file target16.pdb (PDB, C-alpha atoms, pLDDT in the B column)
ATOM      1  CA  MET A   1      26.265  72.773 112.078  1.00 92.00           C
ATOM      2  CA  ILE A   2      29.009  71.260 109.921  1.00 98.00           C
ATOM      3  CA  ASP A   3      31.439  68.523 110.888  1.00 98.00           C
ATOM      4  CA  LEU A   4      34.715  69.120 109.035  1.00 98.00           C
ATOM      5  CA  TYR A   5      37.199  66.283 108.678  1.00 98.00           C
ATOM      6  CA  THR A   6      40.516  67.811 107.705  1.00 98.00           C
ATOM      7  CA  PHE A   7      44.275  68.111 108.088  1.00 98.00           C
ATOM      8  CA  THR A   8      46.974  70.750 107.503  1.00 96.00           C
ATOM      9  CA  THR A   9      47.062  70.487 103.711  1.00 97.00           C
ATOM     10  CA  PRO A  10      46.038  72.989 101.036  1.00 97.00           C
ATOM     11  CA  ASN A  11      42.963  70.922 100.169  1.00 97.00           C
ATOM     12  CA  GLY A  12      41.905  70.845 103.796  1.00 98.00           C
ATOM     13  CA  ARG A  13      42.534  74.521 104.361  1.00 98.00           C
ATOM     14  CA  LYS A  14      40.494  75.740 101.433  1.00 98.00           C
ATOM     15  CA  VAL A  15      37.348  74.308 103.053  1.00 98.00           C
ATOM     16  CA  SER A  16      38.072  75.845 106.457  1.00 98.00           C
ATOM     17  CA  ILE A  17      38.738  79.204 104.755  1.00 98.00           C
ATOM     18  CA  LEU A  18      35.351  79.051 103.044  1.00 98.00           C
ATOM     19  CA  LEU A  19      33.585  78.069 106.266  1.00 98.00           C
ATOM     20  CA  GLU A  20      35.180  81.096 107.929  1.00 98.00           C
ATOM     21  CA  GLU A  21      34.278  83.402 105.045  1.00 98.00           C
ATOM     22  CA  LEU A  22      30.668  82.206 105.175  1.00 98.00           C
ATOM     23  CA  ASN A  23      30.561  82.458 108.978  1.00 98.00           C
ATOM     24  CA  ILE A  24      29.231  78.897 109.299  1.00 97.00           C
ATOM     25  CA  SER A  25      29.593  77.129 112.635  1.00 97.00           C
ATOM     26  CA  TYR A  26      31.630  73.940 112.349  1.00 98.00           C
ATOM     27  CA  ASN A  27      33.327  71.272 114.417  1.00 98.00           C
ATOM     28  CA  VAL A  28      36.842  70.235 113.421  1.00 98.00           C
ATOM     29  CA  HIS A  29      37.847  66.581 113.343  1.00 98.00           C
ATOM     30  CA  LYS A  30      41.570  66.256 112.727  1.00 98.00           C
ATOM     31  CA  ILE A  31      42.416  63.334 110.462  1.00 98.00           C
ATOM     32  CA  ASP A  32      46.178  62.855 110.742  1.00 98.00           C
ATOM     33  CA  ILE A  33      47.114  61.534 107.322  1.00 97.00           C
ATOM     34  CA  THR A  34      50.734  61.090 108.436  1.00 95.00           C
ATOM     35  CA  GLN A  35      49.451  58.415 110.845  1.00 97.00           C
ATOM     36  CA  GLY A  36      47.107  56.760 108.353  1.00 97.00           C
ATOM     37  CA  GLN A  37      43.935  57.893 110.118  1.00 98.00           C
ATOM     38  CA  GLN A  38      42.252  58.447 106.740  1.00 98.00           C
ATOM     39  CA  PHE A  39      42.114  54.657 106.360  1.00 98.00           C
ATOM     40  CA  LEU A  40      40.268  54.002 109.617  1.00 98.00           C
ATOM     41  CA  PRO A  41      36.796  52.483 109.076  1.00 98.00           C
ATOM     42  CA  ASP A  42      34.913  55.427 110.598  1.00 97.00           C
ATOM     43  CA  PHE A  43      36.460  57.847 108.121  1.00 98.00           C
ATOM     44  CA  VAL A  44      36.216  55.477 105.146  1.00 98.00           C
ATOM     45  CA  ALA A  45      32.478  55.404 105.831  1.00 97.00           C
ATOM     46  CA  ILE A  46      32.475  59.180 105.243  1.00 98.00           C
ATOM     47  CA  ASN A  47      34.830  59.177 102.259  1.00 98.00           C
ATOM     48  CA  PRO A  48      35.433  55.799 100.606  1.00 98.00           C
ATOM     49  CA  ASN A  49      38.451  57.287  98.815  1.00 98.00           C
ATOM     50  CA  SER A  50      40.183  57.918 102.176  1.00 98.00           C
ATOM     51  CA  LYS A  51      41.087  61.533 101.406  1.00 98.00           C
ATOM     52  CA  ILE A  52      40.553  64.707 103.372  1.00 98.00           C
ATOM     53  CA  PRO A  53      38.612  66.961 103.487  1.00 98.00           C
ATOM     54  CA  ALA A  54      35.054  65.799 103.958  1.00 98.00           C
ATOM     55  CA  ILE A  55      32.039  67.339 105.632  1.00 98.00           C
ATOM     56  CA  ILE A  56      28.789  66.244 107.182  1.00 98.00           C
ATOM     57  CA  ASP A  57      26.081  68.913 107.058  1.00 98.00           C
ATOM     58  CA  HIS A  58      23.665  68.195 109.864  1.00 96.00           C
ATOM     59  CA  ASP A  59      21.142  70.701 108.484  1.00 95.00           C
ATOM     60  CA  THR A  60      20.629  68.534 105.405  1.00 96.00           C
ATOM     61  CA  GLU A  61      22.105  65.224 106.619  1.00 95.00           C
ATOM     62  CA  MET A  62      24.392  65.320 103.587  1.00 97.00           C
ATOM     63  CA  THR A  63      27.939  64.018 103.465  1.00 98.00           C
ATOM     64  CA  VAL A  64      30.177  65.670 100.864  1.00 98.00           C
ATOM     65  CA  PHE A  65      33.759  64.775  99.999  1.00 98.00           C
ATOM     66  CA  GLU A  66      36.242  66.109  97.385  1.00 97.00           C
ATOM     67  CA  SER A  67      37.296  69.650  98.211  1.00 98.00           C
ATOM     68  CA  GLY A  68      35.970  71.240  95.023  1.00 97.00           C
ATOM     69  CA  ALA A  69      32.560  69.665  95.508  1.00 98.00           C
ATOM     70  CA  ILE A  70      32.513  70.887  99.111  1.00 98.00           C
ATOM     71  CA  LEU A  71      33.288  74.454  98.030  1.00 98.00           C
ATOM     72  CA  MET A  72      30.494  74.382  95.465  1.00 98.00           C
ATOM     73  CA  TYR A  73      28.037  72.851  97.926  1.00 98.00           C
ATOM     74  CA  LEU A  74      28.702  75.388 100.683  1.00 98.00           C
ATOM     75  CA  ALA A  75      28.734  78.379  98.317  1.00 98.00           C
ATOM     76  CA  GLU A  76      25.448  77.322  96.747  1.00 97.00           C
ATOM     77  CA  LYS A  77      23.884  76.607 100.126  1.00 97.00           C
ATOM     78  CA  MET A  78      24.727  80.085 101.402  1.00 97.00           C
ATOM     79  CA  GLY A  79      24.302  81.923  98.097  1.00 98.00           C
ATOM     80  CA  LYS A  80      27.723  83.535  98.323  1.00 98.00           C
ATOM     81  CA  LEU A  81      31.109  83.476  96.537  1.00 98.00           C
ATOM     82  CA  LEU A  82      29.713  81.638  93.490  1.00 98.00           C
ATOM     83  CA  PRO A  83      27.851  83.841  90.984  1.00 97.00           C
ATOM     84  CA  THR A  84      24.449  82.889  89.629  1.00 96.00           C
ATOM     85  CA  GLU A  85      24.836  84.777  86.331  1.00 97.00           C
ATOM     86  CA  THR A  86      25.913  82.217  83.740  1.00 98.00           C
ATOM     87  CA  LYS A  87      29.067  83.808  82.337  1.00 97.00           C
ATOM     88  CA  SER A  88      30.485  84.825  85.711  1.00 97.00           C
ATOM     89  CA  ARG A  89      29.547  81.476  87.232  1.00 98.00           C
ATOM     90  CA  TYR A  90      31.447  79.527  84.591  1.00 98.00           C
ATOM     91  CA  GLN A  91      34.468  81.800  84.870  1.00 98.00           C
ATOM     92  CA  VAL A  92      34.619  80.825  88.531  1.00 98.00           C
ATOM     93  CA  MET A  93      33.949  77.166  87.751  1.00 98.00           C
ATOM     94  CA  GLU A  94      36.695  76.934  85.123  1.00 98.00           C
ATOM     95  CA  CYS A  95      39.226  78.426  87.551  1.00 98.00           C
ATOM     96  CA  LEU A  96      38.069  76.025  90.248  1.00 98.00           C
ATOM     97  CA  MET A  97      38.505  73.079  87.851  1.00 98.00           C
ATOM     98  CA  PHE A  98      41.920  74.460  86.871  1.00 98.00           C
ATOM     99  CA  GLN A  99      42.956  74.240  90.517  1.00 98.00           C
ATOM    100  CA  MET A 100      41.687  70.717  90.912  1.00 97.00           C
ATOM    101  CA  ALA A 101      42.982  69.364  87.600  1.00 97.00           C
ATOM    102  CA  SER A 102      46.306  71.203  87.310  1.00 98.00           C
ATOM    103  CA  VAL A 103      47.494  73.249  90.280  1.00 98.00           C
ATOM    104  CA  GLY A 104      46.744  70.735  93.019  1.00 98.00           C
ATOM    105  CA  PRO A 105      48.143  67.635  91.301  1.00 97.00           C
ATOM    106  CA  MET A 106      51.254  69.340  89.890  1.00 98.00           C
ATOM    107  CA  PHE A 107      52.146  71.291  93.038  1.00 98.00           C
ATOM    108  CA  GLY A 108      51.481  68.171  95.078  1.00 97.00           C
ATOM    109  CA  GLN A 109      53.801  66.052  92.964  1.00 97.00           C
ATOM    110  CA  PHE A 110      56.526  68.676  93.171  1.00 98.00           C
ATOM    111  CA  ASN A 111      56.204  68.778  96.951  1.00 96.00           C
ATOM    112  CA  HIS A 112      56.316  64.995  97.148  1.00 96.00           C
ATOM    113  CA  PHE A 113      59.406  64.474  95.027  1.00 97.00           C
ATOM    114  CA  ASN A 114      61.214  67.565  96.304  1.00 95.00           C
ATOM    115  CA  ARG A 115      60.564  67.140 100.043  1.00 93.00           C
ATOM    116  CA  PHE A 116      59.116  63.776 100.964  1.00 93.00           C
ATOM    117  CA  ALA A 117      60.233  61.074  98.516  1.00 95.00           C
ATOM    118  CA  PRO A 118      62.588  58.556 100.168  1.00 94.00           C
ATOM    119  CA  GLU A 119      65.075  59.056  97.342  1.00 95.00           C
ATOM    120  CA  LYS A 120      65.804  62.056  95.161  1.00 94.00           C
ATOM    121  CA  VAL A 121      64.700  61.612  91.556  1.00 97.00           C
ATOM    122  CA  PRO A 122      66.156  64.585  89.666  1.00 97.00           C
ATOM    123  CA  TYR A 123      64.017  64.032  86.582  1.00 98.00           C
ATOM    124  CA  ALA A 124      60.789  64.054  88.609  1.00 97.00           C
ATOM    125  CA  ILE A 125      61.831  67.102  90.643  1.00 97.00           C
ATOM    126  CA  ALA A 126      62.772  69.056  87.506  1.00 98.00           C
ATOM    127  CA  ARG A 127      59.613  67.995  85.660  1.00 98.00           C
ATOM    128  CA  TYR A 128      57.203  69.058  88.390  1.00 98.00           C
ATOM    129  CA  GLU A 129      59.108  72.220  89.290  1.00 98.00           C
ATOM    130  CA  GLN A 130      58.968  73.317  85.656  1.00 98.00           C
ATOM    131  CA  GLU A 131      55.241  72.628  85.521  1.00 98.00           C
ATOM    132  CA  THR A 132      54.659  74.451  88.824  1.00 98.00           C
ATOM    133  CA  LEU A 133      56.453  77.505  87.488  1.00 98.00           C
ATOM    134  CA  ARG A 134      54.470  77.315  84.256  1.00 98.00           C
ATOM    135  CA  LEU A 135      51.251  77.306  86.274  1.00 98.00           C
ATOM    136  CA  TYR A 136      52.496  80.297  88.279  1.00 98.00           C
ATOM    137  CA  GLY A 137      52.802  82.018  84.928  1.00 98.00           C
ATOM    138  CA  VAL A 138      49.247  81.120  83.942  1.00 98.00           C
ATOM    139  CA  LEU A 139      47.903  82.526  87.203  1.00 98.00           C
ATOM    140  CA  ASN A 140      50.093  85.625  86.967  1.00 98.00           C
ATOM    141  CA  GLY A 141      48.713  86.311  83.503  1.00 98.00           C
ATOM    142  CA  GLN A 142      45.167  85.766  84.722  1.00 96.00           C
ATOM    143  CA  LEU A 143      45.699  88.417  87.401  1.00 98.00           C
ATOM    144  CA  ALA A 144      47.341  90.995  85.130  1.00 97.00           C
ATOM    145  CA  ASP A 145      44.072  92.815  84.438  1.00 96.00           C
ATOM    146  CA  ARG A 146      41.816  91.775  87.310  1.00 97.00           C
ATOM    147  CA  PRO A 147      41.975  91.741  91.112  1.00 98.00           C
ATOM    148  CA  TYR A 148      40.811  88.150  91.546  1.00 98.00           C
ATOM    149  CA  ILE A 149      41.354  84.900  89.724  1.00 98.00           C
ATOM    150  CA  ALA A 150      37.965  84.765  88.013  1.00 97.00           C
ATOM    151  CA  GLY A 151      37.298  88.470  87.611  1.00 96.00           C
ATOM    152  CA  GLU A 152      36.322  91.483  89.683  1.00 97.00           C
ATOM    153  CA  ASP A 153      34.884  89.575  92.630  1.00 98.00           C
ATOM    154  CA  TYR A 154      36.420  87.325  95.265  1.00 98.00           C
ATOM    155  CA  SER A 155      35.096  83.784  94.881  1.00 98.00           C
ATOM    156  CA  ILE A 156      35.602  80.113  95.686  1.00 98.00           C
ATOM    157  CA  ALA A 157      38.154  80.051  92.855  1.00 98.00           C
ATOM    158  CA  ASP A 158      40.436  82.304  94.905  1.00 98.00           C
ATOM    159  CA  ILE A 159      39.793  80.247  98.017  1.00 98.00           C
ATOM    160  CA  ALA A 160      40.646  77.023  96.190  1.00 98.00           C
ATOM    161  CA  LEU A 161      43.909  78.359  94.789  1.00 98.00           C
ATOM    162  CA  TYR A 162      45.207  80.414  97.688  1.00 98.00           C
ATOM    163  CA  PRO A 163      46.464  77.653 100.038  1.00 98.00           C
ATOM    164  CA  TRP A 164      48.361  76.018  97.176  1.00 98.00           C
ATOM    165  CA  VAL A 165      50.027  79.207  95.945  1.00 98.00           C
ATOM    166  CA  ALA A 166      50.665  80.589  99.441  1.00 98.00           C
ATOM    167  CA  SER A 167      52.873  77.573 100.193  1.00 96.00           C
ATOM    168  CA  TYR A 168      55.501  78.722  97.678  1.00 97.00           C
ATOM    169  CA  GLU A 169      58.174  79.249 100.360  1.00 96.00           C
ATOM    170  CA  PHE A 170      57.525  75.774 101.788  1.00 95.00           C
ATOM    171  CA  MET A 171      58.066  74.506  98.256  1.00 95.00           C
ATOM    172  CA  GLY A 172      61.384  76.340  98.074  1.00 96.00           C
ATOM    173  CA  LEU A 173      60.158  78.690  95.354  1.00 97.00           C
ATOM    174  CA  THR A 174      59.625  82.424  94.922  1.00 97.00           C
ATOM    175  CA  LEU A 175      56.972  84.608  93.321  1.00 98.00           C
ATOM    176  CA  GLU A 176      59.351  87.451  92.468  1.00 97.00           C
ATOM    177  CA  LYS A 177      59.009  86.780  88.726  1.00 98.00           C
ATOM    178  CA  HIS A 178      55.207  86.679  89.046  1.00 98.00           C
ATOM    179  CA  PRO A 179      54.328  90.084  90.552  1.00 98.00           C
ATOM    180  CA  HIS A 180      50.577  89.942  89.941  1.00 98.00           C
ATOM    181  CA  LEU A 181      50.352  86.571  91.641  1.00 98.00           C
ATOM    182  CA  LYS A 182      52.512  87.778  94.514  1.00 98.00           C
ATOM    183  CA  HIS A 183      50.270  90.824  95.013  1.00 98.00           C
ATOM    184  CA  TRP A 184      47.177  88.592  95.006  1.00 98.00           C
ATOM    185  CA  VAL A 185      48.718  86.385  97.727  1.00 98.00           C
ATOM    186  CA  GLU A 186      49.548  89.460  99.796  1.00 98.00           C
ATOM    187  CA  ILE A 187      45.980  90.777  99.505  1.00 98.00           C
ATOM    188  CA  LEU A 188      44.318  87.482 100.401  1.00 98.00           C
ATOM    189  CA  GLN A 189      46.603  86.741 103.335  1.00 98.00           C
ATOM    190  CA  GLU A 190      45.325  89.909 105.024  1.00 98.00           C
ATOM    191  CA  ARG A 191      41.747  88.629 105.073  1.00 98.00           C
ATOM    192  CA  PRO A 192      40.824  87.620 108.655  1.00 98.00           C
ATOM    193  CA  ALA A 193      38.798  84.625 107.445  1.00 98.00           C
ATOM    194  CA  VAL A 194      41.744  83.396 105.389  1.00 98.00           C
ATOM    195  CA  GLN A 195      44.024  83.705 108.418  1.00 98.00           C
ATOM    196  CA  ARG A 196      41.593  81.783 110.601  1.00 98.00           C
ATOM    197  CA  GLY A 197      40.978  79.114 107.979  1.00 98.00           C
ATOM    198  CA  MET A 198      44.694  78.573 107.370  1.00 98.00           C
ATOM    199  CA  ALA A 199      45.129  77.838 111.094  1.00 98.00           C
ATOM    200  CA  VAL A 200      42.724  74.860 110.995  1.00 97.00           C
ATOM    201  CA  PRO A 201      43.236  72.337 112.448  1.00 96.00           C
ATOM    202  CA  ALA A 202      45.114  73.974 115.285  1.00 85.00           C
TER     203      ALA A 202
END

call {"tool": "encode", "arguments": {"input": "target16.pdb", "output": "structure tokens"}}
result
Amino acid sequence: MIDLYTFTTPNGRKVSILLEELNISYNVHKIDITQGQQFLPDFVAINPNSKIPAIIDHDTEMTVFESGAILMYLAEKMGKLLPTETKSRYQVMECLMFQMASVGPMFGQFNHFNRFAPEKVPYAIARYEQETLRLYGVLNGQLADRPYIAGEDYSIADIALYPWVASYEFMGLTLEKHPHLKHWVEILQERPAVQRGMAVPA
């Protein structure tokens, strides 16, 4: 049994999607980051960085935080969605790191300055929108000759990227100029496990 501490963000949803794909039983603990619940002592004891998501695996008595680390941990535990062959494994890992180092931070900054900042800062909005669109282009190119982000097989790289890219309408953007990326979103959003994972927490 897994305890999942999460909220309705792309980082939170990628873990619930993977749990659904792996058919692992889990309990959901909603950490409302809009109310500062991530700073409460009980949660800080789980993740000292006060960020969701985090998990406690009661099979192993392990606590894991940072979404990318959680994806790797769960995939390795179950032996699914992360290849063991070296080349394929590192193709997945580099795409996972790309999400964590580039897509997440840049999309997140665009969302912040475009939707949530108390004052509009045109330079910041333009900077992060331009970088978001550039990253759309990188992903679109990656998908031009393959069905999934890291190759022929669905993996944790797709799961990590999907909630960020699928929020394009929320971000006020379009994927019309990135047809391969748009097709990939359409394919993944039909997966029942993706649909269930995106609905967590209810």

call {"tool": "residues_around", "arguments": {"input": "target16.pdb", "residues": "Lys77 (chain A)", "least_positions_apart": "5", "cutoff": "12 Å", "atoms": "only C-alpha atoms", "output": "list in words"}}
result
Leu19, Leu22, Ile24, Asp57, Asp59, Thr60, Met62, Ile70, Leu71, Met72 and Leu82 of chain A

call {"tool": "write_last_selection", "arguments": {"input": "target16.pdb", "atoms": "C-alpha atoms", "output": "compact mmCIF listing (two decimals), in the frame of the given file"}}
result
# COMPACT_ATOMS: atom_id res chain seq x y z
CA LEU A 19 33.58 78.07 106.27
CA LEU A 22 30.67 82.21 105.18
CA ILE A 24 29.23 78.90 109.30
CA ASP A 57 26.08 68.91 107.06
CA ASP A 59 21.14 70.70 108.48
CA THR A 60 20.63 68.53 105.40
CA MET A 62 24.39 65.32 103.59
CA ILE A 70 32.51 70.89 99.11
CA LEU A 71 33.29 74.45 98.03
CA MET A 72 30.49 74.38 95.46
CA LEU A 82 29.71 81.64 93.49

call {"tool": "atom_distance", "arguments": {"input": "target16.pdb", "atom1": "CA of Asn111 (chain A)", "atom2": "CA of Glu169 (chain A)"}}
result
11.2 Å

call {"tool": "atom_distance", "arguments": {"input": "target16.pdb", "atom1": "CA of Leu81 (chain A)", "atom2": "CA of Ile156 (chain A)"}}
result
5.7 Å

call {"tool": "residues_around", "arguments": {"input": "target16.pdb", "residues": "Ser155 (chain A)", "least_positions_apart": "2", "cutoff": "12 Å", "atoms": "only C-alpha atoms", "output": "MDAnalysis selection string"}}
result
chainID A and resid 14 17:18 21:22 71:72 75:76 79:84 88:93 95:96 147:153 157:162 188

call {"tool": "atom_distance", "arguments": {"input": "target16.pdb", "atom1": "CA of Phe113 (chain A)", "atom2": "CA of Gln130 (chain A)"}}
result
12.9 Å

call {"tool": "closest_residue", "arguments": {"input": "target16.pdb", "among": "A:Met97, A:Val138, A:Ala199, A:Val194", "to": "Asn23 (chain A)", "atoms": "all atoms listed in the file"}}
result
A:Val194

call {"tool": "closest_residue", "arguments": {"input": "target16.pdb", "among": "A:Phe107, A:Tyr26, A:Tyr5, A:Tyr168", "to": "Val64 (chain A)", "atoms": "only C-alpha atoms"}}
result
A:Tyr5

call {"tool": "residues_around", "arguments": {"input": "target16.pdb", "residues": "His29 (chain A)", "least_positions_apart": "4", "cutoff": "9 Å", "atoms": "all atoms listed in the file", "output": "JSON, numbers by chain"}}
result
{"A": [3, 4, 5, 6, 7, 201]}

call {"tool": "resolve_selection", "arguments": {"input": "target16.pdb", "expression": "the PyMOL selection byres ((chain A and resi 43) around 12)", "output": "PyMOL selection string"}}
result
chain A and resi 4-6+29-33+36-42+44-56+63+65

call {"tool": "write_last_selection", "arguments": {"input": "target16.pdb", "atoms": "C-alpha atoms", "output": "PDB file, in the coordinates of the input"}}
result
ATOM      1  CA  LEU A   4      34.715  69.120 109.035  1.00 98.00           C
ATOM      2  CA  TYR A   5      37.199  66.283 108.678  1.00 98.00           C
ATOM      3  CA  THR A   6      40.516  67.811 107.705  1.00 98.00           C
ATOM      4  CA  HIS A  29      37.847  66.581 113.343  1.00 98.00           C
ATOM      5  CA  LYS A  30      41.570  66.256 112.727  1.00 98.00           C
ATOM      6  CA  ILE A  31      42.416  63.334 110.462  1.00 98.00           C
ATOM      7  CA  ASP A  32      46.178  62.855 110.742  1.00 98.00           C
ATOM      8  CA  ILE A  33      47.114  61.534 107.322  1.00 97.00           C
ATOM      9  CA  GLY A  36      47.107  56.760 108.353  1.00 97.00           C
ATOM     10  CA  GLN A  37      43.935  57.893 110.118  1.00 98.00           C
ATOM     11  CA  GLN A  38      42.252  58.447 106.740  1.00 98.00           C
ATOM     12  CA  PHE A  39      42.114  54.657 106.360  1.00 98.00           C
ATOM     13  CA  LEU A  40      40.268  54.002 109.617  1.00 98.00           C
ATOM     14  CA  PRO A  41      36.796  52.483 109.076  1.00 98.00           C
ATOM     15  CA  ASP A  42      34.913  55.427 110.598  1.00 97.00           C
ATOM     16  CA  VAL A  44      36.216  55.477 105.146  1.00 98.00           C
ATOM     17  CA  ALA A  45      32.478  55.404 105.831  1.00 97.00           C
ATOM     18  CA  ILE A  46      32.475  59.180 105.243  1.00 98.00           C
ATOM     19  CA  ASN A  47      34.830  59.177 102.259  1.00 98.00           C
ATOM     20  CA  PRO A  48      35.433  55.799 100.606  1.00 98.00           C
ATOM     21  CA  ASN A  49      38.451  57.287  98.815  1.00 98.00           C
ATOM     22  CA  SER A  50      40.183  57.918 102.176  1.00 98.00           C
ATOM     23  CA  LYS A  51      41.087  61.533 101.406  1.00 98.00           C
ATOM     24  CA  ILE A  52      40.553  64.707 103.372  1.00 98.00           C
ATOM     25  CA  PRO A  53      38.612  66.961 103.487  1.00 98.00           C
ATOM     26  CA  ALA A  54      35.054  65.799 103.958  1.00 98.00           C
ATOM     27  CA  ILE A  55      32.039  67.339 105.632  1.00 98.00           C
ATOM     28  CA  ILE A  56      28.789  66.244 107.182  1.00 98.00           C
ATOM     29  CA  THR A  63      27.939  64.018 103.465  1.00 98.00           C
ATOM     30  CA  PHE A  65      33.759  64.775  99.999  1.00 98.00           C
TER      31      PHE A  65
END

call {"tool": "residues_around", "arguments": {"input": "target16.pdb", "residues": "Tyr136 (chain A)", "least_positions_apart": "6", "cutoff": "9 Å", "atoms": "all atoms listed in the file", "output": "ChimeraX atom specification"}}
result
/A:103,165,175,178,181

call {"tool": "closest_residue", "arguments": {"input": "target16.pdb", "among": "A:Ala144, A:Ala101, A:Ala166, A:Met106", "to": "Ile125 (chain A)", "atoms": "only C-alpha atoms"}}
result
A:Met106

call {"tool": "closest_residue", "arguments": {"input": "target16.pdb", "among": "A:Met100, A:Ile2, A:Met171, A:Leu74", "to": "Tyr128 (chain A)", "atoms": "all atoms listed in the file"}}
result
A:Met171

call {"tool": "closest_residue", "arguments": {"input": "target16.pdb", "among": "A:Glu94, A:Glu66, A:Glu186, A:Glu131", "to": "Gln109 (chain A)", "atoms": "only C-alpha atoms"}}
result
A:Glu131

call {"tool": "residues_around", "arguments": {"input": "target16.pdb", "residues": "Arg13 (chain A)", "least_positions_apart": "5", "cutoff": "7 Å", "atoms": "all atoms listed in the file", "output": "short mmCIF file (atom, residue, chain, number, x, y, z; two decimals) with C-alpha atoms, keeping the file's coordinate frame"}}
result
data_model
loop_
_atom_site.label_atom_id
_atom_site.label_comp_id
_atom_site.auth_asym_id
_atom_site.auth_seq_id
_atom_site.Cartn_x
_atom_site.Cartn_y
_atom_site.Cartn_z
CA THR A 8 46.97 70.75 107.50
CA PRO A 163 46.46 77.65 100.04
CA GLY A 197 40.98 79.11 107.98
CA MET A 198 44.69 78.57 107.37
CA VAL A 200 42.72 74.86 111.00
#

call {"tool": "axis_aligned_box", "arguments": {"input": "target16.pdb", "around": "region 112-124 of chain A", "padding_each_side": "3 Å", "output": "AutoDock Vina command-line options"}}
result
--center_x 61.2 --center_y 63.1 --center_z 93.8 --size_x 15.8 --size_y 15.0 --size_z 20.4

call {"tool": "closest_residue", "arguments": {"input": "target16.pdb", "among": "A:Glu119, A:Gly172, A:Phe98, A:Pro179", "to": "Gly137 (chain A)", "atoms": "all atoms listed in the file"}}
result
A:Pro179

call {"tool": "decode", "arguments": {"input": "target16.pdb", "residues": "region 112-123 of chain A", "atoms": "N, CA and C atoms", "output": "CSV table (one decimal), in the first residue's frame"}}
result
chain,number,residue,atom,x,y,z
A,112,HIS,N,2.9,31.0,-13.8
A,112,HIS,CA,2.9,31.9,-12.7
A,112,HIS,C,2.8,33.3,-13.2
A,113,PHE,N,3.6,33.7,-14.1
A,113,PHE,CA,3.6,35.1,-14.5
A,113,PHE,C,2.4,35.5,-15.3
A,114,ASN,N,1.9,34.5,-16.1
A,114,ASN,CA,0.8,34.8,-17.0
A,114,ASN,C,-0.6,34.7,-16.2
A,115,ARG,N,-0.7,33.9,-15.2
A,115,ARG,CA,-2.0,33.7,-14.5
A,115,ARG,C,-2.1,34.1,-13.1
A,116,PHE,N,-1.0,34.0,-12.4
A,116,PHE,CA,-1.0,34.1,-10.9
A,116,PHE,C,-0.3,35.3,-10.3
A,117,ALA,N,0.7,35.8,-11.0
A,117,ALA,CA,1.5,36.9,-10.4
A,117,ALA,C,0.6,38.1,-10.1
A,118,PRO,N,0.8,38.8,-9.0
A,118,PRO,CA,0.0,39.9,-8.5
A,118,PRO,C,0.0,41.1,-9.5
A,119,GLU,N,1.1,41.2,-10.3
A,119,GLU,CA,1.2,42.2,-11.3
A,119,GLU,C,1.7,41.6,-12.6
A,120,LYS,N,1.3,42.2,-13.7
A,120,LYS,CA,1.7,41.7,-15.0
A,120,LYS,C,3.1,42.2,-15.3
A,121,VAL,N,4.0,41.3,-15.6
A,121,VAL,CA,5.4,41.7,-16.0
A,121,VAL,C,5.6,41.2,-17.4
A,122,PRO,N,5.3,42.1,-18.4
A,122,PRO,CA,5.4,41.7,-19.8
A,122,PRO,C,6.7,41.0,-20.2
A,123,TYR,N,7.8,41.5,-19.7
A,123,TYR,CA,9.1,40.8,-20.1
A,123,TYR,C,9.1,39.4,-19.6
